[in-house]
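Q: My structure is below; once you've seen it, I'll send some questions.
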Amino acid sequence: MFSSPLLPLPAGLEIATIETVDDLLVVHVVSTKVKVSCPLCFCLAKRRHSRYTRVVADLPCAGFRVQLRLQMRKFFCDNAACSRKIFTERVPAFVEPWAQTTVRLRQALQAVGTATCGELGTRLATHLGIRTSATTILRCIMALPSAPVEAVSYLGIDDFALLRGRNYGTVLVE
């Protein structure tokens, strides 16, 4: 097992094997964490339940699309007060729970999306070696936190009817 400067991984993850299939670079990654804690009660786990493979997409490398196959472990939570009896180890700085892409790929898509838009962002991402759709780029932009609301000095209100007697709307303008 080794790590690569071309595919940097966080502490606790190591590359087991690398194989290429056409334009796809498949990287098998194994978790080597010694201590794993429950995400709810933060109690250290001692007993391993099972293993499973998690497939996530990563940023392209040297003209190849990168697919990470993470070999993750499941553990028993020995805390009787905890509602979760079985949990999987997590690497939130690298892959968020239930995500199918790495954090750095999501951040790259957000940067492309905020600099361009959906369709243009898709074309730019294709030139960068990232396969995506306009909907995915827009979804990444919508997931960004919005700016905090400042104090409103003047507020204009207008009521109107979309369909007389049935549907009404209100517009608030700062």
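Naming works like this for the structure tokens: A, B, ... for the chains as they're shown, residue 1 at the start of each chain, ligands 1 onward in shown order.
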Determine, using only C-alpha atoms, which residues of region 23-83 of chain A have any atom at most 7 Å from an atom of region 118-129 of chain A, and tabulate each with its shortest atom pair and distance in Å to one decimal place, rows ordered by chain and then rising number, as a Markdown table.

A:
| residue | atom | partner | partner_atom | distance |
| --- | --- | --- | --- | --- |
| A:Pro60 | CA | A:Gly129 | CA | 6.0 |
| A:Gly63 | CA | A:Gly129 | CA | 6.6 |
| A:Arg65 | CA | A:Gly129 | CA | 6.8 |

Q: If you keep N, CA and C atoms, can you produce a file of those selected residues as a PDB file, in the first residue's frame?

A:
ATOM      1  N   PRO A  60     -10.141  14.737 -12.302  1.00  0.00           N
ATOM      2  CA  PRO A  60      -9.347  14.013 -13.291  1.00  0.00           C
ATOM      3  C   PRO A  60      -7.850  14.185 -13.028  1.00  0.00           C
ATOM      4  N   GLY A  63      -5.306  13.485 -17.668  1.00  0.00           N
ATOM      5  CA  GLY A  63      -6.175  13.148 -18.783  1.00  0.00           C
ATOM      6  C   GLY A  63      -7.099  11.971 -18.540  1.00  0.00           C
ATOM      7  N   ARG A  65     -10.222  10.181 -16.261  1.00  0.00           N
ATOM      8  CA  ARG A  65     -11.245  10.333 -15.235  1.00  0.00           C
ATOM      9  C   ARG A  65     -10.844   9.426 -14.082  1.00  0.00           C
TER      10      ARG A  65
END

Q: Using only C-alpha atoms, which residues sit within 12 Å of Val95 (chain A) once same-chain residues fewer than 5 positions away are excluded, as an NGL selection string?

A: :A and (9-10 or 13 or 54-58 or 68-70 or 72 or 89-90 or 100-107)

Q: For Arg84 (chain A), list every protein, DNA or RNA residue within 9 Å, evaluated using only C-alpha atoms, and leave out those in the same chain fewer than 2 positions away; present the list as a PyMOL selection string.

A: chain A and resi 38-41+76-77+79+81-82+86-87

Q: Go ahead and dump the residues you just picked, C-alpha atoms, as a tab-separated table (two decimals), in the first residue's frame.

A:
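What landed in part_37.tsv:
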chain	number	residue	atom	x	y	z
A	38	CYS	CA	-19.45	6.52	16.39
A	39	PRO	CA	-20.85	9.60	14.58
A	40	LEU	CA	-23.64	10.00	17.17
A	41	CYS	CA	-22.10	9.32	20.58
A	76	PHE	CA	-20.67	-2.03	16.22
A	77	CYS	CA	-21.35	0.81	18.66
A	79	ASN	CA	-22.53	2.29	23.92
A	81	ALA	CA	-27.34	4.57	25.30
A	82	CYS	CA	-26.59	5.20	21.62
A	86	ILE	CA	-23.97	-0.28	13.55
A	87	PHE	CA	-22.16	2.57	11.81

Q: Leaving out Val27 (chain A) and any residue of its chain fewer than 3 positions from it, which residues lie within 10 Å of it when counting only C-alpha atoms, given as a list in words?

A: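 Everything that qualifies: Leu7, Ile15, Ala16, Thr17, Ile18, Glu19, Thr20, Leu24, Val30, Val55, Val66, Gln67, Leu68, Arg69 and Leu70 of chain A.
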
Q: Tell me, which residues of chain A carry DSSP alpha helix (DSSP H), written as a PyMOL selection string?

A: chain A and resi 103-115+118-127+134-142

Q: Find the residue from A:Lys33, A:His28, A:Lys74, A:Arg139 that sits nearest to Ser50 (chain A); use only C-alpha atoms when measuring.

A: A:Lys74

Q: Rounded to one decimal in Å, what is the spacing between CA of Cys140 (chain A) and CA of Ala93 (chain A)?

A: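 That distance, rounded to one decimal, is 17.2 Å.
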
Q: From the DSSP assignment of the backbone, select every residue of chain A that is strand (DSSP E), and format the answer as a PyMOL selection string.

A: chain A and resi 13-21+24-31+48-61+64-76+86-88+156-163+167-173

Q: From the list A:Thr132, A:Pro148, A:Asp158, A:Thr88, which residue is nearest Ala45 (chain A) when using only C-alpha atoms?

A: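 Closest residue, counting only C-alpha atoms: A:Thr88.
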
Q: What does the distance from CA of Val173 (chain A) to CA of Asp159 (chain A) come to in Å, to one decimal?

A: 11.6 Å

Q: Using only C-alpha atoms for the distances, tell me which of A:Ile130, A:Phe160, A:Asp78, A:Glu150 is nearest to Arg47 (chain A).

A: A:Asp78
